[in-house]
Structures are given as C-alpha cells and as structure tokens.
$ cat data.cif   # mmCIF, C-alpha atoms
data_upload
loop_
_atom_site.label_atom_id
_atom_site.label_comp_id
_atom_site.auth_asym_id
_atom_site.auth_seq_id
_atom_site.Cartn_x
_atom_site.Cartn_y
_atom_site.Cartn_z
CA MET A 1 -42.53 39.31 157.03
CA THR A 2 -39.51 40.40 159.04
CA PRO A 3 -38.46 43.99 159.91
CA ASP A 4 -35.61 43.68 157.38
CA ASP A 5 -37.92 42.91 154.45
CA VAL A 6 -38.29 45.63 151.85
CA PRO A 7 -41.89 46.15 150.70
CA TYR A 8 -42.63 47.81 147.36
CA LEU A 9 -45.50 48.46 145.00
CA PRO A 10 -45.14 46.01 142.11
CA ARG A 11 -45.84 46.90 138.52
CA GLY A 12 -49.57 47.32 137.99
CA VAL A 13 -50.23 48.76 141.45
CA ARG A 14 -50.18 52.51 141.80
CA THR A 15 -51.54 55.33 143.88
CA HIS A 16 -53.89 57.75 142.19
CA TYR A 17 -55.65 60.91 143.28
CA ASP A 18 -59.36 60.50 142.60
CA ALA A 19 -60.46 64.00 141.68
CA VAL A 20 -64.15 63.04 141.65
CA ARG A 21 -64.22 61.56 145.17
CA LYS A 22 -61.46 63.89 146.33
CA MET A 23 -59.38 61.16 147.90
CA ASP A 24 -56.28 59.07 147.36
CA VAL A 25 -56.77 55.52 146.15
CA LEU A 26 -54.54 52.54 145.48
CA LEU A 27 -55.28 50.90 142.13
CA GLY A 28 -54.35 47.32 141.29
CA PRO A 29 -55.70 44.42 139.29
CA GLU A 30 -59.46 44.29 140.00
CA ARG A 31 -58.88 46.21 143.22
CA VAL A 32 -59.48 49.76 144.37
CA LEU A 33 -58.54 50.69 147.92
CA MET A 34 -59.53 54.01 149.44
CA LEU A 35 -56.56 55.37 151.37
CA ASP A 36 -56.67 57.40 154.54
CA GLN A 37 -53.86 59.73 155.60
CA VAL A 38 -51.98 56.92 157.32
CA GLY A 39 -52.18 54.74 154.21
CA VAL A 40 -50.89 57.56 152.03
CA ALA A 41 -48.05 58.23 154.47
CA VAL A 42 -46.97 54.58 154.61
CA LEU A 43 -47.18 54.02 150.85
CA GLY A 44 -45.21 57.21 150.32
CA GLN A 45 -42.28 55.50 152.08
CA LEU A 46 -42.27 52.43 149.84
CA ASP A 47 -39.29 53.26 147.65
CA GLY A 48 -37.99 49.73 147.09
CA VAL A 49 -34.98 50.46 149.33
CA ALA A 50 -36.30 51.15 152.81
CA SER A 51 -36.96 48.13 155.04
CA LEU A 52 -40.15 47.75 157.03
CA ALA A 53 -38.23 48.73 160.20
CA LYS A 54 -36.81 51.81 158.52
CA ILE A 55 -40.24 52.87 157.27
CA SER A 56 -41.66 52.70 160.80
CA GLU A 57 -38.72 54.70 162.16
CA THR A 58 -39.15 57.40 159.53
CA LEU A 59 -42.88 57.71 160.19
CA ALA A 60 -42.36 57.77 163.96
CA GLU A 61 -39.99 60.68 163.43
CA VAL A 62 -42.21 62.54 160.96
CA TYR A 63 -45.31 62.22 163.12
CA ASP A 64 -43.41 62.56 166.39
CA ALA A 65 -45.01 59.39 167.73
CA PRO A 66 -43.57 56.47 169.74
CA LEU A 67 -42.07 53.75 167.53
CA ASP A 68 -43.78 50.97 169.50
CA VAL A 69 -47.14 52.54 168.62
CA ILE A 70 -46.34 53.17 164.95
CA ALA A 71 -44.52 49.95 164.05
CA PRO A 72 -47.38 47.47 164.66
CA ASP A 73 -49.80 49.58 162.60
CA VAL A 74 -47.37 49.93 159.72
CA THR A 75 -46.60 46.21 159.76
CA ALA A 76 -50.28 45.24 159.83
CA PHE A 77 -51.11 47.62 156.97
CA VAL A 78 -48.26 46.39 154.78
CA MET A 79 -48.93 42.72 155.51
CA ASP A 80 -52.59 43.12 154.66
CA LEU A 81 -51.65 44.64 151.30
CA ARG A 82 -49.12 41.86 150.73
CA ASP A 83 -51.83 39.25 151.35
CA ARG A 84 -54.01 40.98 148.78
CA GLY A 85 -51.14 40.92 146.29
CA MET A 86 -50.86 44.72 146.18
CA VAL A 87 -47.48 44.90 147.87
CA HIS A 88 -44.51 42.70 147.05
CA VAL A 89 -41.49 42.11 149.27
CA HIS A 90 -37.75 41.80 148.73
CA SER A 91 -36.32 39.58 151.46
CA ARG A 92 -32.92 40.46 152.85
CA MET B 1 -88.08 58.08 147.74
CA SER B 2 -84.73 59.44 146.61
CA ILE B 3 -81.72 57.18 146.53
CA ARG B 4 -78.18 58.36 147.00
CA VAL B 5 -76.34 57.51 143.79
CA ASP B 6 -72.56 57.24 143.95
CA PRO B 7 -70.35 57.59 140.90
CA PRO B 8 -69.34 54.33 139.19
CA MET B 9 -65.95 52.75 139.91
CA ALA B 10 -65.57 50.42 136.96
CA MET B 11 -66.53 50.23 133.32
CA LEU B 12 -66.48 47.21 131.03
CA ALA B 13 -66.03 48.21 127.41
CA GLU B 14 -67.06 45.48 124.98
CA LEU B 15 -64.97 46.79 122.11
CA THR B 16 -66.22 44.18 119.68
CA HIS B 17 -68.32 41.04 119.61
CA ARG B 18 -65.95 39.44 117.11
CA CYS B 19 -63.99 36.51 118.56
CA PRO B 20 -62.02 33.62 117.11
CA LEU B 21 -63.25 31.33 119.90
CA ALA B 22 -66.72 29.85 120.16
CA CYS B 23 -66.97 29.00 123.88
CA PRO B 24 -70.23 27.31 124.85
CA TYR B 25 -70.51 29.63 127.90
CA CYS B 26 -69.92 32.94 126.10
CA SER B 27 -71.33 35.72 128.26
CA ASN B 28 -72.15 38.05 125.37
CA SER B 29 -75.80 38.46 124.49
CA THR B 30 -77.27 35.84 122.18
CA GLU B 31 -77.56 38.43 119.39
CA LEU B 32 -74.09 39.63 118.41
CA LEU B 33 -73.34 42.99 116.85
CA ALA B 34 -71.52 43.08 113.51
CA LYS B 35 -68.25 44.89 112.86
CA GLU B 36 -70.10 47.64 110.96
CA ALA B 37 -71.99 48.57 114.13
CA GLU B 38 -68.84 49.08 116.24
CA LEU B 39 -67.85 52.47 117.60
CA SER B 40 -64.77 54.18 116.11
CA THR B 41 -61.52 54.85 117.99
CA ASP B 42 -62.50 58.48 118.59
CA MET B 43 -65.94 57.57 119.88
CA TRP B 44 -64.41 55.22 122.43
CA ALA B 45 -61.80 57.83 123.39
CA ASP B 46 -64.60 60.28 124.12
CA ILE B 47 -66.42 57.69 126.24
CA PHE B 48 -63.22 57.01 128.23
CA GLN B 49 -62.87 60.73 128.96
CA GLN B 50 -66.49 60.97 130.06
CA ALA B 51 -66.11 57.86 132.22
CA ALA B 52 -63.07 59.27 134.03
CA ARG B 53 -64.89 62.57 134.68
CA LEU B 54 -67.84 60.58 136.00
CA GLY B 55 -65.62 58.80 138.56
CA VAL B 56 -64.69 55.54 136.84
CA LEU B 57 -61.25 54.38 138.01
CA GLN B 58 -60.91 51.02 136.34
CA LEU B 59 -61.53 50.23 132.70
CA HIS B 60 -61.81 46.68 131.45
CA LEU B 61 -61.27 46.32 127.72
CA SER B 62 -63.21 43.26 126.73
CA GLY B 63 -65.18 41.74 123.88
CA GLY B 64 -65.65 39.34 122.18
CA GLU B 65 -61.90 39.36 121.69
CA PRO B 66 -60.60 42.93 122.08
CA ALA B 67 -57.44 42.02 120.13
CA SER B 68 -59.73 41.67 117.10
CA ARG B 69 -59.81 45.50 117.10
CA ARG B 70 -56.97 46.77 114.90
CA ASP B 71 -56.90 50.00 116.93
CA LEU B 72 -56.43 48.27 120.30
CA VAL B 73 -53.13 50.05 121.02
CA ASP B 74 -54.69 53.45 120.25
CA LEU B 75 -57.61 52.63 122.53
CA VAL B 76 -55.21 51.83 125.39
CA ILE B 77 -53.39 55.12 124.77
CA ALA B 78 -56.74 56.93 124.92
CA ALA B 79 -57.73 55.14 128.13
CA ARG B 80 -54.46 56.01 129.87
CA GLU B 81 -54.72 59.62 128.67
CA ALA B 82 -58.11 59.71 130.36
CA GLY B 83 -56.41 58.57 133.58
CA LEU B 84 -58.02 55.14 133.76
CA TYR B 85 -56.46 51.98 135.19
CA THR B 86 -56.57 49.84 132.07
CA ASN B 87 -57.07 46.10 132.04
CA LEU B 88 -57.14 43.94 128.93
CA ILE B 89 -59.42 40.90 129.07
CA THR B 90 -58.26 38.58 126.31
CA SER B 91 -57.99 34.99 125.12
CA GLY B 92 -54.55 35.92 123.79
CA ILE B 93 -55.53 35.07 120.22
CA GLY B 94 -54.59 38.01 118.02
CA LEU B 95 -51.72 39.15 120.23
CA ASN B 96 -48.05 38.71 119.35
CA GLU B 97 -44.76 40.03 120.69
CA LYS B 98 -44.84 43.25 118.66
CA ARG B 99 -48.39 44.07 119.66
CA LEU B 100 -47.78 43.32 123.32
CA GLN B 101 -44.70 45.56 123.28
CA ASP B 102 -46.81 48.32 121.76
CA LEU B 103 -49.45 47.80 124.45
CA ASP B 104 -46.69 48.02 127.06
CA ALA B 105 -45.49 51.32 125.59
CA ALA B 106 -49.11 52.53 125.52
CA GLY B 107 -49.30 52.04 129.29
CA LEU B 108 -51.52 48.99 129.62
CA ASP B 109 -51.73 48.26 133.36
CA HIS B 110 -52.80 44.66 133.53
CA VAL B 111 -53.67 41.62 131.45
CA GLN B 112 -56.39 39.12 132.24
CA LEU B 113 -55.89 35.99 130.17
CA SER B 114 -58.76 33.54 129.85
CA LEU B 115 -58.08 29.85 130.23
CA GLN B 116 -60.38 27.20 128.77
CA GLY B 117 -58.42 24.19 130.05
CA VAL B 118 -54.95 23.06 131.15
CA THR B 119 -54.35 20.78 128.16
CA ALA B 120 -54.57 21.56 124.46
CA ALA B 121 -57.13 18.79 124.04
CA MET B 122 -59.48 20.28 126.64
CA ALA B 123 -58.89 23.96 125.89
CA ASP B 124 -59.24 23.66 122.12
CA ARG B 125 -62.38 21.56 122.47
CA ILE B 126 -64.01 24.10 124.82
CA GLY B 127 -62.93 27.12 122.77
CA GLY B 128 -63.82 25.40 119.52
CA TYR B 129 -60.52 26.62 118.09
CA LYS B 130 -57.74 24.22 117.14
CA GLY B 131 -54.26 25.43 118.06
CA GLY B 132 -55.66 28.07 120.40
CA PHE B 133 -54.08 26.62 123.53
CA ASP B 134 -50.54 26.58 122.09
CA ARG B 135 -50.89 30.16 120.91
CA LYS B 136 -52.22 31.19 124.31
CA MET B 137 -49.26 29.59 126.08
CA HIS B 138 -46.89 31.43 123.75
CA VAL B 139 -48.65 34.72 124.48
CA ALA B 140 -48.44 34.00 128.23
CA GLU B 141 -44.66 33.65 127.92
CA ILE B 142 -44.38 37.03 126.20
CA ILE B 143 -46.63 38.62 128.84
CA ALA B 144 -44.29 37.29 131.54
CA LYS B 145 -41.20 38.43 129.63
CA ILE B 146 -42.53 41.98 129.31
CA GLY B 147 -43.58 41.90 132.96
CA PHE B 148 -47.28 42.73 132.70
CA PRO B 149 -49.13 41.82 135.88
CA LEU B 150 -51.21 38.81 134.91
CA THR B 151 -54.49 37.39 136.11
CA LEU B 152 -55.50 34.01 134.80
CA ASN B 153 -59.25 33.83 134.33
CA ALA B 154 -60.03 30.13 134.48
CA VAL B 155 -63.60 29.47 133.47
CA MET B 156 -64.68 26.28 135.23
CA HIS B 157 -67.57 23.89 134.68
CA ARG B 158 -68.54 20.22 134.63
CA ASP B 159 -65.84 19.23 132.12
CA ASN B 160 -62.83 20.92 133.74
CA LEU B 161 -63.63 21.55 137.41
CA ASP B 162 -61.82 18.35 138.36
CA ASP B 163 -58.63 19.92 136.91
CA LEU B 164 -58.73 22.75 139.43
CA SER B 165 -55.44 21.88 141.19
CA ALA B 166 -53.64 21.66 137.86
CA THR B 167 -55.23 24.97 136.87
CA ILE B 168 -53.90 26.72 139.97
CA ASP B 169 -50.48 25.14 139.36
CA MET B 170 -50.57 26.53 135.84
CA ALA B 171 -51.23 30.02 137.19
CA ARG B 172 -48.06 29.73 139.29
CA ARG B 173 -46.08 28.36 136.36
CA LEU B 174 -47.15 31.23 134.09
CA GLY B 175 -46.17 33.75 136.76
CA ALA B 176 -49.73 35.00 137.35
CA ARG B 177 -50.27 37.08 140.46
CA ARG B 178 -53.90 36.28 140.59
CA ILE B 179 -56.25 33.58 139.41
CA GLU B 180 -59.96 33.95 139.09
CA VAL B 181 -61.56 30.54 139.43
CA ALA B 182 -64.74 31.59 137.70
CA CYS B 183 -67.41 28.93 137.65
CA VAL B 184 -69.75 29.54 134.74
CA GLN B 185 -72.68 31.82 135.53
CA PHE B 186 -75.74 31.02 133.52
CA GLN B 187 -76.39 34.05 131.35
CA GLY B 188 -76.18 34.55 127.62
CA TRP B 189 -74.96 31.61 125.59
CA ALA B 190 -74.20 29.62 128.77
CA LEU B 191 -77.94 29.17 129.34
CA VAL B 192 -78.16 27.25 126.07
CA ASN B 193 -75.53 24.82 127.39
CA ARG B 194 -76.50 24.75 131.04
CA ALA B 195 -77.03 21.01 131.26
CA ALA B 196 -73.64 20.36 129.66
CA LEU B 197 -71.83 22.86 131.89
CA GLN B 198 -73.44 22.49 135.31
CA PRO B 199 -71.03 20.73 137.70
CA SER B 200 -72.21 18.16 140.23
CA ARG B 201 -72.46 18.92 143.93
CA ALA B 202 -69.54 16.57 144.60
CA GLN B 203 -67.39 18.50 142.12
CA VAL B 204 -68.33 21.80 143.75
CA ASP B 205 -67.57 20.54 147.28
CA ALA B 206 -64.18 19.26 146.14
CA ALA B 207 -63.44 22.57 144.39
CA LYS B 208 -64.20 24.58 147.52
CA LYS B 209 -61.79 22.42 149.50
CA THR B 210 -59.09 22.78 146.85
CA VAL B 211 -59.53 26.56 146.79
CA ALA B 212 -59.31 26.83 150.59
CA GLU B 213 -56.12 24.76 150.72
CA ALA B 214 -54.50 26.53 147.75
CA THR B 215 -55.35 29.95 149.16
CA ARG B 216 -53.36 29.11 152.29
CA ALA B 217 -50.53 27.44 150.40
CA HIS B 218 -49.99 30.33 147.96
CA MET B 219 -50.65 33.23 150.35
CA GLY B 220 -48.51 36.21 149.36
CA GLN B 221 -47.62 34.57 146.02
CA LEU B 222 -50.92 34.09 144.26
CA VAL B 223 -54.28 35.63 145.00
CA ILE B 224 -57.14 33.20 144.39
CA ASP B 225 -60.61 34.61 143.80
CA PHE B 226 -63.35 32.01 143.65
CA VAL B 227 -66.67 32.61 141.94
CA PRO B 228 -68.84 29.64 142.95
CA PRO B 229 -71.47 28.10 140.70
CA ASP B 230 -74.35 29.92 142.27
CA TYR B 231 -77.10 27.35 141.76
CA TYR B 232 -75.39 25.49 144.64
CA SER B 233 -75.34 28.52 146.94
CA ASP B 234 -77.87 29.18 149.68
CA PHE B 235 -77.95 32.91 149.08
CA PRO B 236 -77.67 34.90 145.85
CA LYS B 237 -74.63 36.79 144.66
CA ALA B 238 -74.65 40.55 145.18
CA CYS B 239 -74.77 40.99 141.45
CA MET B 240 -72.89 44.10 140.24
CA ASN B 241 -72.60 44.97 143.97
CA GLY B 242 -76.06 46.39 143.55
CA TRP B 243 -77.67 47.49 140.29
CA GLY B 244 -76.41 50.87 139.13
CA SER B 245 -74.19 51.26 142.19
CA THR B 246 -70.65 50.45 141.09
CA GLY B 247 -70.23 49.59 137.46
CA LEU B 248 -71.48 49.93 133.94
CA ASN B 249 -71.05 48.12 130.67
CA ILE B 250 -70.85 49.46 127.13
CA THR B 251 -71.63 47.25 124.15
CA PRO B 252 -69.75 47.53 120.81
CA ASP B 253 -72.31 49.99 119.40
CA GLY B 254 -72.30 52.27 122.47
CA THR B 255 -75.36 50.94 124.27
CA VAL B 256 -74.91 51.53 128.01
CA LEU B 257 -76.00 48.67 130.27
CA PRO B 258 -76.18 48.32 134.07
CA CYS B 259 -74.73 44.81 133.67
CA HIS B 260 -73.52 42.82 130.69
CA ALA B 261 -76.62 40.62 130.58
CA ALA B 262 -79.20 43.36 131.17
CA GLU B 263 -80.51 43.15 127.61
CA THR B 264 -82.17 39.85 128.55
CA ILE B 265 -84.73 41.87 130.51
CA PRO B 266 -87.25 42.76 127.83
CA HIS B 267 -89.02 45.73 129.41
CA LEU B 268 -85.86 47.79 129.95
CA HIS B 269 -84.93 50.67 127.67
CA PHE B 270 -81.22 51.35 127.19
CA ASP B 271 -79.58 54.61 126.21
CA ASN B 272 -76.69 54.91 123.80
CA ALA B 273 -73.55 56.91 124.65
CA MET B 274 -73.64 58.43 121.17
CA GLN B 275 -76.98 60.05 121.95
CA ARG B 276 -76.77 60.98 125.60
CA SER B 277 -73.94 61.82 128.00
CA LEU B 278 -72.61 59.01 130.13
CA SER B 279 -73.28 61.04 133.26
CA ASP B 280 -76.91 61.57 132.30
CA ILE B 281 -77.33 57.89 131.53
CA TRP B 282 -75.73 56.82 134.83
CA TYR B 283 -77.70 59.20 137.05
CA LYS B 284 -80.97 59.58 135.14
CA GLY B 285 -81.25 56.69 132.68
CA ASP B 286 -84.38 54.56 133.05
CA ALA B 287 -82.53 51.25 132.98
CA PHE B 288 -80.10 52.32 135.72
CA ASN B 289 -82.87 53.56 137.98
CA GLU B 290 -85.16 50.58 137.45
CA PHE B 291 -83.55 48.36 140.09
CA ARG B 292 -81.43 50.87 141.96
CA GLY B 293 -81.43 50.73 145.75
CA THR B 294 -83.71 48.41 147.66
CA GLY B 295 -87.04 50.26 147.66
CA TRP B 296 -88.41 48.22 144.74
CA LEU B 297 -87.58 44.83 146.32
CA PRO B 298 -90.40 42.37 146.98
CA GLU B 299 -90.80 40.19 150.06
CA PRO B 300 -89.07 38.15 151.38
CA CYS B 301 -86.18 40.50 150.50
CA GLN B 302 -87.73 43.66 151.92
CA SER B 303 -87.77 42.40 155.52
CA CYS B 304 -84.67 40.18 155.17
CA ASP B 305 -81.50 40.89 157.14
CA ARG B 306 -79.51 40.24 153.96
CA ARG B 307 -81.38 42.91 152.00
CA ASP B 308 -78.42 45.30 152.02
CA ILE B 309 -75.91 42.51 151.45
CA ASP B 310 -77.17 40.95 148.22
CA PHE B 311 -79.93 43.37 147.11
CA GLY B 312 -82.18 40.47 146.13
CA GLY B 313 -79.50 38.94 143.88
CA CYS B 314 -79.30 38.90 140.12
CA ARG B 315 -82.11 40.45 138.05
CA CYS B 316 -81.09 38.61 134.90
CA GLN B 317 -81.17 35.30 136.75
CA ALA B 318 -84.67 35.98 138.07
CA MET B 319 -85.65 36.75 134.50
CA ALA B 320 -83.94 33.68 133.02
CA VAL B 321 -85.25 31.13 135.51
CA LEU B 322 -88.58 32.60 136.60
CA GLY B 323 -89.47 34.90 133.72
CA ASP B 324 -89.82 37.80 136.19
CA ALA B 325 -87.02 40.34 136.57
CA PHE B 326 -88.63 41.74 139.75
CA ALA B 327 -88.58 38.41 141.62
CA THR B 328 -86.12 37.42 144.31
CA ASP B 329 -83.14 35.64 142.75
CA PRO B 330 -84.22 31.97 142.73
CA VAL B 331 -80.85 30.95 144.22
CA CYS B 332 -82.08 32.26 147.56
CA ARG B 333 -83.29 29.57 149.97
CA LYS B 334 -86.01 31.95 151.12
CA SER B 335 -87.29 32.47 147.59
CA ALA B 336 -90.45 30.80 146.32
CA GLY B 337 -88.54 30.33 143.08
CA ARG B 338 -85.91 28.06 144.69
CA ALA B 339 -88.03 24.98 143.98
CA ARG B 340 -87.88 25.75 140.27
CA LEU B 341 -84.08 26.10 140.45
CA ASP B 342 -83.71 22.84 142.39
CA ALA B 343 -85.87 21.05 139.84
CA LEU B 344 -83.62 22.30 137.02
CA LEU B 345 -80.51 21.32 138.94
CA ASN B 346 -81.77 17.80 139.55
CA GLU B 347 -82.99 17.30 136.05
CA GLU B 348 -79.75 18.53 134.47
CA THR B 349 -77.11 17.01 136.73
CA LEU B 350 -78.59 13.56 137.29
CA ALA B 351 -78.15 12.59 133.66
CA VAL B 352 -75.18 10.24 133.38
CA ASN B 353 -73.98 11.72 130.11
CA ALA B 354 -74.01 15.45 129.60
CA PRO B 355 -75.39 16.68 126.28
CA ASP B 356 -72.95 17.88 123.61
CA PHE B 357 -72.00 21.55 123.53
CA VAL B 358 -73.85 23.91 121.26
CA TYR B 359 -71.01 26.12 120.05
CA ARG B 360 -71.33 29.82 119.52
CA ARG B 361 -70.98 30.15 115.75
#
$ encode --input "data.cif" --output "structure tokens"
Amino acid sequence: MTPDDVPYLPRGVRTHYDAVRKMDVLLGPERVLMLDQVGVAVLGQLDGVASLAKISETLAEVYDAPLDVIAPDVTAFVMDLRDRGMVHVHSR
Amino acid sequence: MSIRVDPPMAMLAELTHRCPLACPYCSNSTELLAKEAELSTDMWADIFQQAARLGVLQLHLSGGEPASRRDLVDLVIAAREAGLYTNLITSGIGLNEKRLQDLDAAGLDHVQLSLQGVTAAMADRIGGYKGGFDRKMHVAEIIAKIGFPLTLNAVMHRDNLDDLSATIDMARRLGARRIEVACVQFQGWALVNRAALQPSRAQVDAAKKTVAEATRAHMGQLVIDFVPPDYYSDFPKACMNGWGSTGLNITPDGTVLPCHAAETIPHLHFDNAMQRSLSDIWYKGDAFNEFRGTGWLPEPCQSCDRRDIDFGGCRCQAMAVLGDAFATDPVCRKSAGRARLDALLNEETLAVNAPDFVYRR
C-alpha cells in the first residue's frame, strides 16, 4: 500500500457495538475482530475518500500526537485488515 | 471446580435437513429430520432474538439446503432485526435472481457457496445431482452481479484434491473474496464413505504446497483458509475452539447442540430451544457442560503443553474411531489411540481403487 491509497470497508464488513460484551467489534465473513479505541478511531476515518496519509494526519491532529508516531501504527493496522480481506483499497 | 463460561460468538442454524444434493460426505447426522419436524418462521425468529441477547454475533443459515425453506427471506429479515451478522451457507440450488434480490433487500450479509468440483462431470457426480453445477455457476454470476461478498466453500477429498489449483482459480474467476479449502472431516455420512474420500499423503503434501503458494500469490485479493484432512496431522484440531466455548448449533427441530456432530455421542442429553431458554441451555445444559474447560481431560492431555491449545481435540472423533468420547482425539501423536487411526489410514488408502460412493438418499 502507498500513502495515496484509499482504504475502505467493503460490503459485508461492518462495525457493530456488542452490547453483551460492551465493546466495539468489526464483523466480516467468518471473522469477528474485537476493536480497541485506536481501532475504532482509525475505522471511523475510512470514508472511501480519505487516503491513508490523510487518515494519519487527521488522527495526529485529533489526538495531538506526532505524525511520525501515528502513521506507522495506522498503516500497520490497515494493512493487517487488508491482508485479512476486511479492508479493500482504491489505488490512486 | 467452576469454569468461566463466555457467551457464544456464533450460531449455526440448520433450518432444514432437506437438500437436493446427496453428497457422500454430508455432515448432517445419519438420521435426518422430516419437513414436518421443522421449526416455524416465528420459532426461528424467537431463537435469533435470544441468540443475539446471549451474545451471538454471527449467524450461519445452513441445512441441508436452506434455500429449500420457502420462508428463507423472512428468516433473514428476522435475523437482521435481531442484529445478527447473517451468512447463508448454500449449494445455490433453489436460488434464482428474484430470490437473491429479495435476500439482498432483506439485508443478507454474506453468501457461502459450496463447490463439489470445478467441472460439471465431477461436481454433478459428487453431488449426485445432474445439472447442479451449471445452475450453481449461474447463481454465482447473480451473486457477483448483486455484489454479495462471496466465500467459496470447496469440499476436497481423494477425487478432487488434485484439482486444487483450478479450484482456487475458479474462486478468483467467480469474484470470491475468500475460499475455504475444506478437506472432508470424517463425521456423519462422511464416515460411511471414508475409504472413498480419504486422500493420500502425497495428495495432502501437494495440497499444502499449493495453498502456501496461492496464499502468497493472491494476498490482498483472496483469503485462503485451509482445513487439512486431520488424519494426516500430528496434533488434533481445536474442535469448536473448545466445547461450549464459542459456538452452538441448532437442528431443524430446535435441538441445541454444542457441535453439529454431537448427537453421535450416545450418553449426551440435548435440550430443545422450544422447551428451555437458549441462555439456560448454553450456561446450564448438561451437554454443554459435559466437556467444557479442561478439568475433565485424561492424560496425556492433562499434563500436555498443548492442553489449552486444542483441548484434547474432537470428542466426536474420539467417539467415532475409539468408541470413547472421553478419550484423547486419536489424531494426536501422543494418544494411545493413534495406532488405531494409522491402521485405518493404511488400510483405506493403500487400496489401488477406492470403493464407490454410498450416496445420501
């Protein structure tokens, strides 16, 4: 993936609040991922328009953290989900 | 000793045992329930609500062939109203464009299409249903057109394991996001046909290599999940991720099982969701508590460093091969039962010609 790629949740993958376990989860085909706060924050930025670079910038601003700390974590998280088929990518 | 019991994540609903196919490895129990015994739409809707309140996130609508239920669309509506991620496990037979559009409107999340072979000759012979392959391919096109996320569930065995590369290619061609290369597990009807279905070691080694290469080649495009033929494994599968830990199964008449094959264990008593709440059955039911946790495990499991990885393996397999549901899964190299499994494997795979299939009819 490059910083210009636009990640998005494809059809059949959605976030869901699990009222029984009191946590956010990501549901996809045969997969349930428990999400922590960081995961929820990153997935909340996947609007099908924002690039990976833009998502990191936004989160760095929101959490008032250095971009060079945020960006690698965001990239790793998104790439891991892409490898599991739970995030798709538009290439620019 | 008290065991911490978590809520279940997944539920398999066997909506019906009716099916147009007659696969020699059918995983349903050897005694099938008739249509008259099936739960009504409302009964299922109530179970879906209970399941969601219990903590189930994913619902798998299965069978038999779930499309044999005329109320399938209403059942999907009920499942989505309950807040469940809803997956349809189907052969495709009984679905058409209109029905698939209705399922789309109902909110169906995902389709898992079974595949018996990559050619009509193979697929129709395995399924015992002439014309089935062509109809399935047509249904796959409509699934792609509507845009449902698709998993291809390729059931593999002695007769088709050599077609694995072509099978993975077919998954790409049909636009599947995921393929489950599911080597037959020997439960239910598959046990009757074990000698005809068991692949050779050479086939299994080649398949593992193909899967490893294809996984790399299709990374990011196609997820490949491989279920190996476990008689060739050194350690048992963590069946159901631990008995009564993650999932449950409901048969067409509402019987609640810890796994789909649990009825092969004769001493277990199973509750019915029409007589007792799902929550009560999950937390307090005898069958669910029988093999829960690891406290009941025999040696060599009890002192084994894999105890909390595979939980002694599959209870139904211990029952089927050794006649003792409490024994260590005979797949395990440390199990005294392994010799029995190896003897079966030798006896059944050394024959030059496999026996004919006994079809499920």
$ residues_around --input "data.cif" --residues "stretch 236-253 of chain B" --least-positions-apart "5" --cutoff "6 Å" --atoms "only C-alpha atoms" --output "PyMOL selection string"
chain B and resi 8-16+37-39+258-260+288+291-292+310+313-314+331-332
$ resolve_selection --input "data.cif" --expression "the PyMOL selection byres ((chain A) within 8 of (chain B))" --output "ChimeraX atom specification"
/A:11-12,18-21,27-30,82-85,88
$ residues_around --input "data.cif" --residues "stretch 192-200 of chain B" --least-positions-apart "6" --cutoff "6 Å" --atoms "all atoms listed in the file" --output "PyMOL selection string"
chain B and resi 157-158+348+354-355
$ write_last_selection --input "data.cif" --atoms "C-alpha atoms" --output "mmCIF file, in the coordinates of the input"
data_model
loop_
_atom_site.group_PDB
_atom_site.id
_atom_site.type_symbol
_atom_site.label_atom_id
_atom_site.label_comp_id
_atom_site.auth_asym_id
_atom_site.auth_seq_id
_atom_site.Cartn_x
_atom_site.Cartn_y
_atom_site.Cartn_z
ATOM 1 C CA HIS B 157 -67.570 23.890 134.680
ATOM 2 C CA ARG B 158 -68.540 20.220 134.630
ATOM 3 C CA GLU B 348 -79.750 18.530 134.470
ATOM 4 C CA ALA B 354 -74.010 15.450 129.600
ATOM 5 C CA PRO B 355 -75.390 16.680 126.280
#
$ residues_near_point --input "data.cif" --point "(-43.9, 54.7, 166.0)" --cutoff "12 Å" --atoms "only C-alpha atoms" --output "list in words"
Val42, Leu52, Ala53, Lys54, Ile55, Ser56, Glu57, Thr58, Leu59, Ala60, Glu61, Val62, Tyr63, Asp64, Ala65, Pro66, Leu67, Asp68, Val69, Ile70, Ala71, Pro72, Asp73, Val74 and Thr75 of chain A
$ atom_distance --input "data.cif" --atom1 "atom CA of B:Asp74" --atom2 "atom CA of B:Ala106"
7.7 Å
$ resolve_selection --input "data.cif" --expression "the PyMOL selection byres ((chain B and resi 125) around 12)" --output "number ranges by chain"
B: 21-24, 116-124, 126-133, 159-160, 356-359
$ atom_distance --input "data.cif" --atom1 "atom CA of B:Cys183" --atom2 "atom CA of B:Asp324"
24.1 Å
$ atom_distance --input "data.cif" --atom1 "atom CA of A:Pro10" --atom2 "atom CA of A:Gln45"
14.1 Å
$ resolve_selection --input "data.cif" --expression "the PyMOL selection byres ((chain A and resi 44) around 12)" --output "JSON, numbers by chain"
{"A": [7, 8, 9, 14, 15, 16, 24, 26, 35, 37, 38, 39, 40, 41, 42, 43, 45, 46, 47, 48, 50, 55, 56, 58, 59]}
$ residues_around --input "data.cif" --residues "B:Ser29" --least-positions-apart "2" --cutoff "12 Å" --atoms "all atoms listed in the file" --output "list in words"
Glu14, His17, Tyr25, Cys26, Ser27, Glu31, Leu32, Leu33, Gly63, Gly64, Phe186, Gln187, Gly188, Trp189, Ala190, Leu191, Val192, Thr251, Pro252, Leu257, Cys259, His260, Ala261, Ala262, Glu263, Thr264, Ile265, Cys316 and Arg360 of chain B
$ closest_residue --input "data.cif" --among "A:Val6, A:Met1, A:Met23, A:Val32" --to "A:Met86" --atoms "only C-alpha atoms"
A:Val32
